[in-house]
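The data block below is target_1.cif; it holds mmCIF, C-alpha atoms.
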data_model
loop_
_atom_site.label_atom_id
_atom_site.label_comp_id
_atom_site.auth_asym_id
_atom_site.auth_seq_id
_atom_site.Cartn_x
_atom_site.Cartn_y
_atom_site.Cartn_z
CA MET X 1 52.89 -55.19 -41.38
CA LYS X 2 52.00 -51.51 -41.78
CA LEU X 3 48.66 -49.71 -41.44
CA LYS X 4 48.06 -46.94 -43.99
CA ILE X 5 45.09 -44.60 -43.55
CA ILE X 6 42.65 -44.49 -46.46
CA LYS X 7 39.79 -42.71 -44.69
CA SER X 8 39.37 -40.90 -41.38
CA PHE X 9 36.42 -39.58 -39.36
CA LYS X 10 35.95 -37.20 -36.44
CA PHE X 11 32.74 -37.54 -34.43
CA GLU X 12 32.48 -34.32 -32.43
CA GLY X 13 30.29 -34.68 -29.38
CA THR X 14 30.29 -38.47 -29.64
CA LYS X 15 32.61 -40.71 -27.67
CA LEU X 16 32.86 -43.92 -29.68
CA ILE X 17 34.27 -46.01 -26.83
CA ASP X 18 32.87 -45.49 -23.33
CA LYS X 19 35.70 -46.99 -21.28
CA SER X 20 39.33 -47.99 -21.83
CA PHE X 21 39.97 -51.64 -22.68
CA LYS X 22 42.22 -51.90 -19.61
CA TYR X 23 39.45 -51.71 -17.03
CA SER X 24 37.46 -54.88 -17.63
CA PRO X 25 37.19 -57.85 -20.01
CA ALA X 26 34.09 -56.29 -21.62
CA ALA X 27 35.37 -52.73 -21.95
CA ALA X 28 35.90 -51.26 -25.44
CA LYS X 29 34.50 -54.35 -27.19
CA ASN X 30 30.96 -53.26 -28.07
CA MET X 31 31.85 -52.55 -31.68
CA ILE X 32 32.33 -54.82 -34.68
CA ALA X 33 33.48 -54.57 -38.27
CA HIS X 34 30.58 -55.44 -40.57
CA GLY X 35 32.53 -55.30 -43.85
CA GLU X 36 35.76 -53.95 -45.32
CA ASN X 37 34.48 -50.35 -45.13
CA GLU X 38 31.87 -50.81 -42.45
CA ILE X 39 31.89 -50.78 -38.65
CA VAL X 40 29.18 -50.43 -35.99
CA PHE X 41 29.58 -49.05 -32.44
CA PHE X 42 27.22 -48.96 -29.50
CA THR X 43 27.84 -45.93 -27.30
CA SER X 44 26.05 -44.21 -24.47
CA GLU X 45 27.58 -40.86 -25.36
CA ILE X 46 25.98 -39.56 -28.56
CA GLU X 47 25.35 -35.82 -28.47
CA ASP X 48 21.62 -34.94 -28.56
CA THR X 49 20.68 -38.61 -29.01
CA GLY X 50 21.76 -40.29 -25.79
CA CYS X 51 22.72 -43.88 -26.47
CA GLY X 52 22.54 -45.98 -29.59
CA LEU X 53 24.50 -47.10 -32.64
CA VAL X 54 27.03 -45.26 -34.72
CA TRP X 55 27.04 -47.10 -38.06
CA ILE X 56 29.82 -46.14 -40.48
CA LYS X 57 29.74 -47.42 -44.06
CA GLU X 58 32.20 -46.16 -46.68
CA ASP X 59 31.86 -42.34 -46.72
CA THR X 60 28.64 -42.14 -44.74
CA PHE X 61 27.59 -42.67 -41.16
CA ARG X 62 24.34 -42.69 -39.24
CA TYR X 63 23.41 -42.18 -35.60
CA ILE X 64 20.65 -44.63 -34.66
CA SER X 65 18.94 -44.15 -31.29
CA SER X 66 18.55 -47.19 -29.07
CA PRO X 67 15.14 -48.91 -29.42
CA GLU X 68 14.92 -48.97 -25.61
CA ALA X 69 13.06 -46.12 -23.94
CA LYS X 70 15.13 -44.05 -21.52
CA ASP X 71 13.26 -45.32 -18.46
CA GLU X 72 13.84 -48.93 -19.57
CA ARG X 73 17.63 -48.70 -19.67
CA ASP X 74 20.04 -50.09 -17.09
CA ILE X 75 23.72 -49.08 -17.13
CA TRP X 76 24.67 -52.54 -15.85
CA LYS X 77 22.69 -54.29 -18.58
CA GLU X 78 23.96 -52.61 -21.73
CA PRO X 79 22.86 -53.79 -25.19
CA VAL X 80 25.09 -56.11 -27.21
CA ILE X 81 25.75 -55.81 -30.95
CA LEU X 82 25.23 -58.97 -33.02
CA SER X 83 26.51 -58.94 -36.61
CA CYS X 84 25.60 -61.33 -39.42
CA ASN X 85 24.97 -61.51 -43.16
CA GLU X 86 21.34 -60.55 -42.57
CA GLY X 87 22.22 -57.24 -40.86
CA VAL X 88 22.97 -55.92 -37.38
CA MET X 89 21.01 -56.74 -34.23
CA LEU X 90 20.89 -55.26 -30.76
CA LEU X 91 20.35 -57.64 -27.85
CA CYS X 92 18.91 -55.70 -24.89
CA PRO X 93 19.24 -57.48 -21.51
CA ALA X 94 17.38 -54.76 -19.56
CA THR X 95 14.17 -55.34 -21.52
CA LYS X 96 14.95 -58.90 -22.70
CA LYS X 97 14.35 -57.92 -26.31
CA LEU X 98 16.16 -58.35 -29.62
CA TRP X 99 16.03 -55.71 -32.36
CA MET X 100 17.26 -55.85 -35.95
CA LEU X 101 18.40 -53.48 -38.70
CA THR X 102 18.77 -55.08 -42.12
CA ASP X 103 21.03 -52.26 -43.34
CA ILE X 104 22.32 -48.80 -42.44
CA ASN X 105 19.12 -47.09 -43.65
CA ALA X 106 16.63 -49.50 -42.08
CA GLU X 107 14.42 -49.00 -39.02
CA TRP X 108 14.31 -51.23 -35.96
CA LYS X 109 12.25 -54.42 -36.17
CA GLU X 110 11.73 -56.58 -33.10
CA ILE X 111 12.55 -60.30 -33.04
CA GLU X 112 10.73 -62.27 -30.36
CA VAL X 113 13.05 -64.01 -27.87
CA GLU X 114 12.07 -67.08 -25.86
CA ASP X 115 13.57 -68.71 -22.74
CA TRP X 116 16.14 -66.21 -21.47
CA PRO X 117 19.06 -67.79 -19.55
CA VAL X 118 18.47 -68.22 -15.83
CA ASN X 119 20.66 -66.01 -13.59
CA ALA X 120 22.83 -64.80 -16.50
CA ILE X 121 23.09 -61.37 -18.12
CA PRO X 122 24.53 -60.89 -21.65
CA MET X 123 27.62 -58.67 -21.64
CA LYS X 124 28.59 -55.91 -24.07
CA ILE X 125 31.02 -57.89 -26.22
CA ALA X 126 29.96 -57.67 -29.87
CA VAL X 127 29.92 -60.94 -31.79
CA TYR X 128 29.49 -62.25 -35.33
CA GLY X 129 27.10 -65.14 -35.91
CA GLU X 130 26.70 -67.66 -38.72
CA ASN X 131 23.68 -69.78 -39.64
CA GLY X 132 21.64 -67.89 -37.07
CA LYS X 133 23.78 -68.97 -34.08
CA PHE X 134 25.39 -66.37 -31.82
CA PRO X 135 27.62 -67.26 -28.84
CA ILE X 136 26.96 -64.54 -26.25
CA VAL X 137 29.34 -63.73 -23.39
CA CYS X 138 27.37 -63.47 -20.13
CA ARG X 139 27.74 -62.53 -16.48
CA CYS X 140 26.70 -64.87 -13.69
CA GLY X 141 26.69 -63.56 -10.11
CA ASN X 142 27.06 -60.06 -8.68
CA LEU X 143 30.43 -58.99 -10.07
CA LEU X 144 29.21 -56.30 -12.43
CA GLU X 145 32.05 -56.44 -14.98
CA ALA X 146 32.45 -60.23 -14.95
CA THR X 147 32.39 -62.10 -18.27
CA ASN X 148 32.42 -65.52 -16.68
CA SER X 149 30.01 -67.53 -18.85
CA PHE X 150 28.44 -67.84 -22.30
CA ALA X 151 25.19 -68.95 -23.90
CA ILE X 152 24.09 -69.65 -27.49
CA LEU X 153 21.29 -67.60 -29.03
CA ASN X 154 19.63 -69.11 -32.10
CA VAL X 155 17.84 -66.70 -34.45
CA ASP X 156 15.33 -67.80 -37.08
CA PHE X 157 15.19 -64.86 -39.48
CA ALA X 158 12.32 -66.30 -41.49
CA SER X 159 9.94 -66.52 -38.52
CA LYS X 160 11.50 -63.51 -36.73
CA LYS X 161 11.93 -65.53 -33.55
CA ALA X 162 14.96 -66.32 -31.39
CA GLN X 163 15.61 -68.85 -28.65
CA TRP X 164 18.37 -69.47 -26.13
CA LEU X 165 19.55 -73.04 -26.66
CA ALA X 166 20.61 -73.59 -23.02
CA ASP X 167 21.39 -71.73 -19.80
CA ALA X 168 24.74 -69.97 -19.57
CA ALA X 169 27.82 -72.14 -19.03
CA CYS X 170 31.10 -71.21 -17.37
CA VAL X 171 34.41 -72.47 -18.76
CA TYR X 172 36.19 -75.41 -17.11
CA ALA X 173 39.48 -77.24 -17.59
CA ASN X 174 37.75 -80.62 -17.25
CA GLU X 175 34.44 -82.33 -16.56
CA SER X 176 35.31 -83.06 -12.91
CA ILE X 177 35.61 -79.36 -12.03
CA ARG X 178 32.48 -78.57 -14.00
CA GLN X 179 30.42 -81.17 -12.17
CA LYS X 180 31.66 -80.07 -8.73
CA HIS X 181 30.75 -76.48 -9.58
CA LEU X 182 27.30 -77.44 -10.89
CA ASP X 183 26.65 -79.54 -7.77
CA ALA X 184 27.63 -76.57 -5.59
CA LEU X 185 25.27 -74.32 -7.57
CA GLU X 186 22.45 -76.79 -7.01
CA ARG X 187 23.12 -76.81 -3.26
CA ALA X 188 23.04 -73.00 -3.32
CA ASP X 189 19.69 -72.96 -5.17
CA GLY X 190 21.37 -71.51 -8.25
CA LYS X 191 22.83 -68.51 -6.40
CA PHE X 192 26.19 -68.09 -8.09
CA ASP X 193 27.81 -66.08 -5.27
CA LYS X 194 26.69 -68.50 -2.54
CA VAL X 195 28.37 -71.70 -3.74
CA ASP X 196 30.53 -73.64 -1.28
CA PHE X 197 32.98 -74.83 -3.97
CA ASN X 198 35.97 -72.51 -4.41
CA TYR X 199 36.10 -71.97 -8.16
CA GLN X 200 36.79 -68.73 -10.02
CA PRO X 201 35.63 -69.14 -13.63
CA PRO X 202 37.82 -67.65 -16.37
CA MET X 203 36.84 -64.30 -17.84
CA ILE X 204 35.88 -64.58 -21.52
CA GLY X 205 37.27 -61.66 -23.49
CA SER X 206 35.92 -62.69 -26.90
CA ILE X 207 34.05 -65.62 -28.42
CA MET X 208 32.99 -67.01 -31.79
CA GLU X 209 31.31 -70.02 -33.37
CA LYS X 210 32.76 -71.20 -36.66
CA GLU X 211 31.80 -74.34 -38.57
CA GLY X 212 29.97 -75.64 -35.52
CA LYS X 213 32.91 -75.16 -33.14
CA ILE X 214 33.17 -72.61 -30.32
CA TYR X 215 36.37 -70.65 -29.73
CA GLY X 216 37.05 -68.21 -26.93
CA PHE X 217 39.81 -66.01 -25.58
CA LEU X 218 40.24 -66.28 -21.79
CA GLU X 219 41.76 -63.38 -19.86
CA GLY X 220 42.54 -65.03 -16.53
CA ASN X 221 39.95 -64.88 -13.77
CA ILE X 222 40.48 -61.31 -12.49
CA ILE X 223 38.41 -58.29 -13.53
CA ASN X 224 40.10 -55.33 -11.87
CA PRO X 225 43.31 -54.33 -13.68
CA ALA X 226 44.84 -53.30 -10.34
CA GLY X 227 45.02 -57.02 -9.65
CA MET X 228 46.22 -57.95 -13.10
CA GLY X 229 49.78 -58.10 -11.85
CA VAL X 230 48.96 -61.59 -10.59
CA ILE X 231 46.93 -62.76 -13.59
CA GLY X 232 47.65 -66.45 -14.09
CA TYR X 233 47.16 -66.99 -17.81
CA TYR X 234 45.60 -66.04 -21.11
CA TRP X 235 44.47 -68.55 -23.73
CA PHE X 236 42.75 -68.74 -27.08
CA LEU X 237 41.12 -72.16 -27.16
CA GLU X 238 38.35 -74.36 -28.46
CA ILE X 239 35.65 -75.14 -25.91
CA SER X 240 32.65 -77.44 -25.90
CA LYS X 241 29.07 -76.19 -25.77
CA THR X 242 29.08 -77.11 -22.07
CA GLY X 243 32.24 -75.07 -21.45
CA ILE X 244 34.91 -77.78 -21.27
CA PHE X 245 38.40 -77.13 -22.67
CA ILE X 246 38.84 -79.07 -25.93
CA GLU X 247 42.14 -77.65 -27.21
CA LYS X 248 44.44 -74.85 -26.12
CA ILE X 249 45.50 -73.09 -29.32
CA TRP X 250 47.59 -70.07 -28.32
CA GLY X 251 48.44 -68.39 -25.03
CA ARG X 252 50.50 -68.58 -21.89
CA ASP X 253 50.30 -70.00 -18.36
CA ASN X 254 52.06 -69.12 -15.09
CA LEU X 255 52.32 -65.38 -15.72
CA SER X 256 52.43 -64.73 -11.97
CA ARG X 257 55.90 -66.29 -11.88
CA LEU X 258 57.30 -63.71 -14.28
CA LYS X 259 58.92 -60.44 -13.28
CA GLY X 260 56.70 -57.38 -13.62
CA LYS X 261 53.00 -57.13 -14.36
CA HIS X 262 51.49 -59.17 -17.16
CA GLY X 263 48.04 -59.39 -18.68
CA VAL X 264 46.36 -58.86 -22.04
CA ARG X 265 42.93 -58.30 -23.54
CA GLY X 266 41.90 -60.19 -26.65
CA LYS X 267 39.30 -59.49 -29.34
CA ILE X 268 38.36 -61.72 -32.27
CA SER X 269 38.11 -59.63 -35.44
CA GLY X 270 34.80 -59.07 -37.23
CA ASP X 271 35.85 -61.35 -40.09
CA ARG X 272 36.96 -63.99 -37.51
CA LYS X 273 40.43 -64.35 -39.06
CA TRP X 274 42.46 -62.45 -36.45
CA LEU X 275 42.90 -62.25 -32.71
CA ILE X 276 43.78 -58.69 -31.68
CA ILE X 277 45.94 -58.70 -28.54
CA SER X 278 46.19 -55.57 -26.38
CA PRO X 279 48.64 -55.67 -23.43
CA ILE X 280 47.37 -53.93 -20.29
CA PHE X 281 50.83 -53.08 -18.99
CA LYS X 282 54.05 -51.83 -20.58
CA THR X 283 56.25 -54.10 -18.48
CA ASP X 284 55.82 -57.31 -20.48
CA GLU X 285 57.98 -58.54 -23.35
CA TRP X 286 55.86 -56.60 -25.86
CA LYS X 287 56.30 -53.30 -24.00
CA GLY X 288 52.59 -52.62 -24.19
CA LYS X 289 52.41 -52.86 -28.00
CA GLN X 290 49.46 -54.59 -29.64
CA LYS X 291 49.98 -57.79 -31.63
CA LEU X 292 47.99 -59.72 -34.20
CA ILE X 293 47.51 -63.48 -34.07
CA LYS X 294 46.48 -65.08 -37.35
CA ILE X 295 43.85 -67.62 -36.29
CA GLU X 296 44.57 -69.87 -39.27
CA ASP X 297 48.11 -70.76 -38.14
CA ASN X 298 48.69 -68.89 -34.81
CA GLU X 299 51.39 -66.68 -36.35
CA VAL X 300 52.21 -63.66 -34.15
CA ILE X 301 52.47 -60.53 -36.30
CA ASP X 302 53.89 -57.10 -35.44
CA PHE X 303 52.31 -54.07 -37.04
CA THR X 304 53.05 -50.35 -37.25
CA MET X 305 50.45 -47.64 -36.73
CA PRO X 306 50.18 -44.78 -39.26
CA ARG X 307 52.30 -41.70 -38.60
CA GLY X 308 50.61 -39.34 -36.15
CA CYS X 309 48.38 -42.08 -34.68
CA SER X 310 50.37 -43.02 -31.59
CA SER X 311 47.29 -42.43 -29.43
CA TYR X 312 45.15 -44.74 -31.60
CA ARG X 313 44.53 -48.44 -31.02
CA LEU X 314 43.62 -51.20 -33.44
CA ILE X 315 40.03 -52.22 -32.69
CA ASP X 316 38.95 -54.48 -35.57
CA ILE X 317 39.78 -55.98 -38.98
CA TRP X 318 37.76 -57.11 -41.96
CA GLY X 319 39.56 -58.45 -45.01
CA ASN X 320 42.39 -56.12 -45.95
CA HIS X 321 41.07 -53.20 -43.90
CA ALA X 322 41.84 -52.35 -40.28
CA PHE X 323 39.89 -49.97 -38.04
CA ILE X 324 41.78 -47.81 -35.54
CA CYS X 325 40.35 -45.48 -32.90
CA ASP X 326 41.65 -43.02 -30.31
CA GLU X 327 38.93 -44.28 -27.91
CA ASN X 328 37.33 -40.85 -28.12
CA GLU X 329 36.06 -39.06 -31.27
CA GLY X 330 38.62 -40.21 -33.84
CA LEU X 331 38.31 -43.21 -36.17
CA ALA X 332 40.29 -44.25 -39.25
CA ILE X 333 40.05 -47.07 -41.80
CA CYS X 334 43.43 -48.38 -42.92
CA ASN X 335 44.89 -50.70 -45.52
CA LEU X 336 46.91 -53.63 -44.18
CA GLU X 337 50.22 -53.55 -46.05
CA SER X 338 53.01 -56.12 -45.83
#

If you convert what's in this file into C-alpha cells, what do you get?
Amino acid sequence: MKLKIIKSFKFEGTKLIDKSFKYSPAAAKNMIAHGENEIVFFTSEIEDTGCGLVWIKEDTFRYISSPEAKDERDIWKEPVILSCNEGVMLLCPATKKLWMLTDINAEWKEIEVEDWPVNAIPMKIAVYGENGKFPIVCRCGNLLEATNSFAILNVDFASKKAQWLADAACVYANESIRQKHLDALERADGKFDKVDFNYQPPMIGSIMEKEGKIYGFLEGNIINPAGMGVIGYYWFLEISKTGIFIEKIWGRDNLSRLKGKHGVRGKISGDRKWLIISPIFKTDEWKGKQKLIKIEDNEVIDFTMPRGCSSYRLIDIWGNHAFICDENEGLAICNLES
C-alpha cells in the first residue's frame, strides 16, 4: 500500500503533538480523524492561544481555545477528545466537565456529568463513540503516565447530560485474578498503590466500543520505554465491561525471550477499521517501521510513506484517507493506494 499526499499543512508556532509516541502509552494519541478530510488535535502548544483544539476540515482549520480557564488546568489531567456523529467533545478531568462543539464553527456548550469514577483519572487517548457510549482509558494510582484502566461514559445528547456507567476497571486475564485484585483494593481502602496483591495491570494503548463489544490494544504493563526491552506482550483483544479477557485477536506473547528490544504502540483509527502499529525500537523484525492491521480480518499490511516524508508518521485513517504528521508543525492528508 502507498500513501500519496493530496493536501498538506504547516502550522507555524503550533506543535501538533506534545510528546513522542515512544515515551508513554498515552503519548501522541490525543488526536482523532473525524472524517475523510477532517482531523482534530488537542495541544498545549498553540502560539498566542495556549492550549486547545486544532480542527482541520478540508482546506480550512480553526484554533479553538480550551474551555478551561488557565488557573483550572492541570498538566497531569489533560483533556480528552471524544468524537461522534454529533460533533466533537472535550472531557476535562481537572474540572470534571464535558464540553461539546457540534461542528468546526460552533462554540463550546457544556454537558453536565454525573458520578465521576472513584480514584480514576481519564487519560489523553482520543476515542470515537457510538450511540452515546464512549470507552475512556483511565489512570488508577500514582503512576502519572499509566493507562491501566477504563470506564464507560454515556452521553444523552437530547438532555445534554452524561453519566459514568461504573467505576474504572483494570484488565485481567481471568475472573480469579480480578477478584483477588478487587479484594486487595478493598483491604487497602481503595488505595491503588497500597494493595498487598502483586498485580501489574496491562497498559491500554487504545480502546473502542463497537456493536456493544469492547476492544482494546494492550501494550504490556510497563510505561517507561527504557524498560521496554523486557516488555512481555502486546495484544489486540475483546474484553468484557468488567475488564476480563474474552478473546485475543492479534498480538504476541513472550517478547522478553526474543533477542533485542521489542515493544510497540497501537492506535485504533478514527473510523475503527484499522489498528496502527508503531514499533518503539528498530531492533525488532519490522526494523522500526509502522504496520497496519485490518481489524476485519487481522491482515498485516505494509505501507510506503510519500517521498520526502521519512520524518513523518501515520497517525490516523478515515475511509480512503490517511493522516501523517512529523510530530511538530507538519501535517498531510494522503490517499491510500494499493

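Take the PyMOL selection byres ((chain X and resi 280) around 9) and apply it to this file: it picks Phe21, Lys22, Tyr23, Pro225, Met228, Lys261, His262, Gly263, Val264, Arg265, Ser278, Pro279, Phe281, Lys282 and Gly288 of chain X.
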
What would the selection look like, as a PDB file with C-alpha atoms, keeping the file's coordinate frame, if the PyMOL selection byres ((chain X and resi 254) around 12) were run on the coordinates I just shared?
ATOM      1  CA  GLY X 220      42.540 -65.030 -16.530  1.00  0.00           C
ATOM      2  CA  GLY X 229      49.780 -58.100 -11.850  1.00  0.00           C
ATOM      3  CA  VAL X 230      48.960 -61.590 -10.590  1.00  0.00           C
ATOM      4  CA  ILE X 231      46.930 -62.760 -13.590  1.00  0.00           C
ATOM      5  CA  GLY X 232      47.650 -66.450 -14.090  1.00  0.00           C
ATOM      6  CA  TYR X 233      47.160 -66.990 -17.810  1.00  0.00           C
ATOM      7  CA  TYR X 234      45.600 -66.040 -21.110  1.00  0.00           C
ATOM      8  CA  TRP X 235      44.470 -68.550 -23.730  1.00  0.00           C
ATOM      9  CA  GLY X 251      48.440 -68.390 -25.030  1.00  0.00           C
ATOM     10  CA  ARG X 252      50.500 -68.580 -21.890  1.00  0.00           C
ATOM     11  CA  ASP X 253      50.300 -70.000 -18.360  1.00  0.00           C
ATOM     12  CA  LEU X 255      52.320 -65.380 -15.720  1.00  0.00           C
ATOM     13  CA  SER X 256      52.430 -64.730 -11.970  1.00  0.00           C
ATOM     14  CA  ARG X 257      55.900 -66.290 -11.880  1.00  0.00           C
ATOM     15  CA  LEU X 258      57.300 -63.710 -14.280  1.00  0.00           C
ATOM     16  CA  LYS X 259      58.920 -60.440 -13.280  1.00  0.00           C
ATOM     17  CA  HIS X 262      51.490 -59.170 -17.160  1.00  0.00           C
ATOM     18  CA  GLY X 263      48.040 -59.390 -18.680  1.00  0.00           C
TER      19      GLY X 263
END

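Among the candidates X:Ser24, X:Ser83, X:Gln290, X:Asn142, the residue lying nearest to Val127 in chain X is X:Ser83 (atoms considered: all atoms listed in the file).
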
Exercise: Gly319 in chain X partners within 9 Å, all atoms listed in the file, chain neighbours under 3 positions left out, as a PyMOL selection string: chain X and resi 35-36+271+273+322+336

Applying the PyMOL selection byres ((chain X and resi 184) around 6) to the file I just gave you, which residues come out? Please list them as a PDB file with C-alpha atoms, in the coordinates of the input.
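Saved as expr-v7.pdb:
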ATOM      1  CA  HIS X 181      30.750 -76.480  -9.580  1.00  0.00           C
ATOM      2  CA  LEU X 182      27.300 -77.440 -10.890  1.00  0.00           C
ATOM      3  CA  ASP X 183      26.650 -79.540  -7.770  1.00  0.00           C
ATOM      4  CA  LEU X 185      25.270 -74.320  -7.570  1.00  0.00           C
ATOM      5  CA  GLU X 186      22.450 -76.790  -7.010  1.00  0.00           C
ATOM      6  CA  ARG X 187      23.120 -76.810  -3.260  1.00  0.00           C
ATOM      7  CA  VAL X 195      28.370 -71.700  -3.740  1.00  0.00           C
ATOM      8  CA  ASP X 196      30.530 -73.640  -1.280  1.00  0.00           C
ATOM      9  CA  PHE X 197      32.980 -74.830  -3.970  1.00  0.00           C
TER      10      PHE X 197
END

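Selecting by distance to (36.0, -47.2, -26.8) with a limit of 6 Å and using all atoms listed in the file, one obtains Leu16, Ile17, Asp18, Lys19, Ala28 and Glu327 of chain X.
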
Since we have the selection now, will you write its residues out, keeping C-alpha atoms, as a compact mmCIF listing (two decimals), in the coordinates of the input?
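That gives us part.txt:
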# COMPACT_ATOMS: atom_id res chain seq x y z
CA LEU X 16 32.86 -43.92 -29.68
CA ILE X 17 34.27 -46.01 -26.83
CA ASP X 18 32.87 -45.49 -23.33
CA LYS X 19 35.70 -46.99 -21.28
CA ALA X 28 35.90 -51.26 -25.44
CA GLU X 327 38.93 -44.28 -27.91

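Excluding Lys248 in chain X itself and any same-chain residue fewer than 4 positions from it, the protein and nucleic acid residues within 9 Å of it, counting only C-alpha atoms, are X:Trp235, X:Phe236, X:Leu237, X:Glu238, X:Ile239.
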
Selection: 10 Å around Ser240 in chain X, only C-alpha atoms, excl. self and same-chain fewer than 6 positions, as a count of residues only: 8

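With CA of Ile204 in chain X on one side and CA of Trp318 in chain X on the other, the separation reads 21.8 Å.
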
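A straight line drawn from CA of Ile276 in chain X to CA of Ala26 in chain X is 14.2 Å long.
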
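The space separating CA of Ile39 in chain X from CA of Glu72 in chain X comes to 26.3 Å.
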
Residues within 10 Å of Asn105 in chain X, only C-alpha atoms, excluding chain neighbours under 2 positions, as a VMD selection string: chain X and resid 55 61 to 62 64 101 to 103 107 to 108

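Nearest residue to Ile177 in chain X, choosing from X:Lys124, X:Asp115, X:Asn221, X:Ile244 and counting only C-alpha atoms: X:Ile244.
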
Expected residue set, 12 Å radius at (24.8, -68.7, -21.0), all atoms listed in the file, as a ChimeraX atom specification: /X:115-123,134-140,147-153,163-171,204,241-243

Keeping only C-alpha atoms, write the selected residues to a file as a PDB file, keeping the file's coordinate frame.
ATOM      1  CA  ASP X 115      13.570 -68.710 -22.740  1.00  0.00           C
ATOM      2  CA  TRP X 116      16.140 -66.210 -21.470  1.00  0.00           C
ATOM      3  CA  PRO X 117      19.060 -67.790 -19.550  1.00  0.00           C
ATOM      4  CA  VAL X 118      18.470 -68.220 -15.830  1.00  0.00           C
ATOM      5  CA  ASN X 119      20.660 -66.010 -13.590  1.00  0.00           C
ATOM      6  CA  ALA X 120      22.830 -64.800 -16.500  1.00  0.00           C
ATOM      7  CA  ILE X 121      23.090 -61.370 -18.120  1.00  0.00           C
ATOM      8  CA  PRO X 122      24.530 -60.890 -21.650  1.00  0.00           C
ATOM      9  CA  MET X 123      27.620 -58.670 -21.640  1.00  0.00           C
ATOM     10  CA  PHE X 134      25.390 -66.370 -31.820  1.00  0.00           C
ATOM     11  CA  PRO X 135      27.620 -67.260 -28.840  1.00  0.00           C
ATOM     12  CA  ILE X 136      26.960 -64.540 -26.250  1.00  0.00           C
ATOM     13  CA  VAL X 137      29.340 -63.730 -23.390  1.00  0.00           C
ATOM     14  CA  CYS X 138      27.370 -63.470 -20.130  1.00  0.00           C
ATOM     15  CA  ARG X 139      27.740 -62.530 -16.480  1.00  0.00           C
ATOM     16  CA  CYS X 140      26.700 -64.870 -13.690  1.00  0.00           C
ATOM     17  CA  THR X 147      32.390 -62.100 -18.270  1.00  0.00           C
ATOM     18  CA  ASN X 148      32.420 -65.520 -16.680  1.00  0.00           C
ATOM     19  CA  SER X 149      30.010 -67.530 -18.850  1.00  0.00           C
ATOM     20  CA  PHE X 150      28.440 -67.840 -22.300  1.00  0.00           C
ATOM     21  CA  ALA X 151      25.190 -68.950 -23.900  1.00  0.00           C
ATOM     22  CA  ILE X 152      24.090 -69.650 -27.490  1.00  0.00           C
ATOM     23  CA  LEU X 153      21.290 -67.600 -29.030  1.00  0.00           C
ATOM     24  CA  GLN X 163      15.610 -68.850 -28.650  1.00  0.00           C
ATOM     25  CA  TRP X 164      18.370 -69.470 -26.130  1.00  0.00           C
ATOM     26  CA  LEU X 165      19.550 -73.040 -26.660  1.00  0.00           C
ATOM     27  CA  ALA X 166      20.610 -73.590 -23.020  1.00  0.00           C
ATOM     28  CA  ASP X 167      21.390 -71.730 -19.800  1.00  0.00           C
ATOM     29  CA  ALA X 168      24.740 -69.970 -19.570  1.00  0.00           C
ATOM     30  CA  ALA X 169      27.820 -72.140 -19.030  1.00  0.00           C
ATOM     31  CA  CYS X 170      31.100 -71.210 -17.370  1.00  0.00           C
ATOM     32  CA  VAL X 171      34.410 -72.470 -18.760  1.00  0.00           C
ATOM     33  CA  ILE X 204      35.880 -64.580 -21.520  1.00  0.00           C
ATOM     34  CA  LYS X 241      29.070 -76.190 -25.770  1.00  0.00           C
ATOM     35  CA  THR X 242      29.080 -77.110 -22.070  1.00  0.00           C
ATOM     36  CA  GLY X 243      32.240 -75.070 -21.450  1.00  0.00           C
TER      37      GLY X 243
END
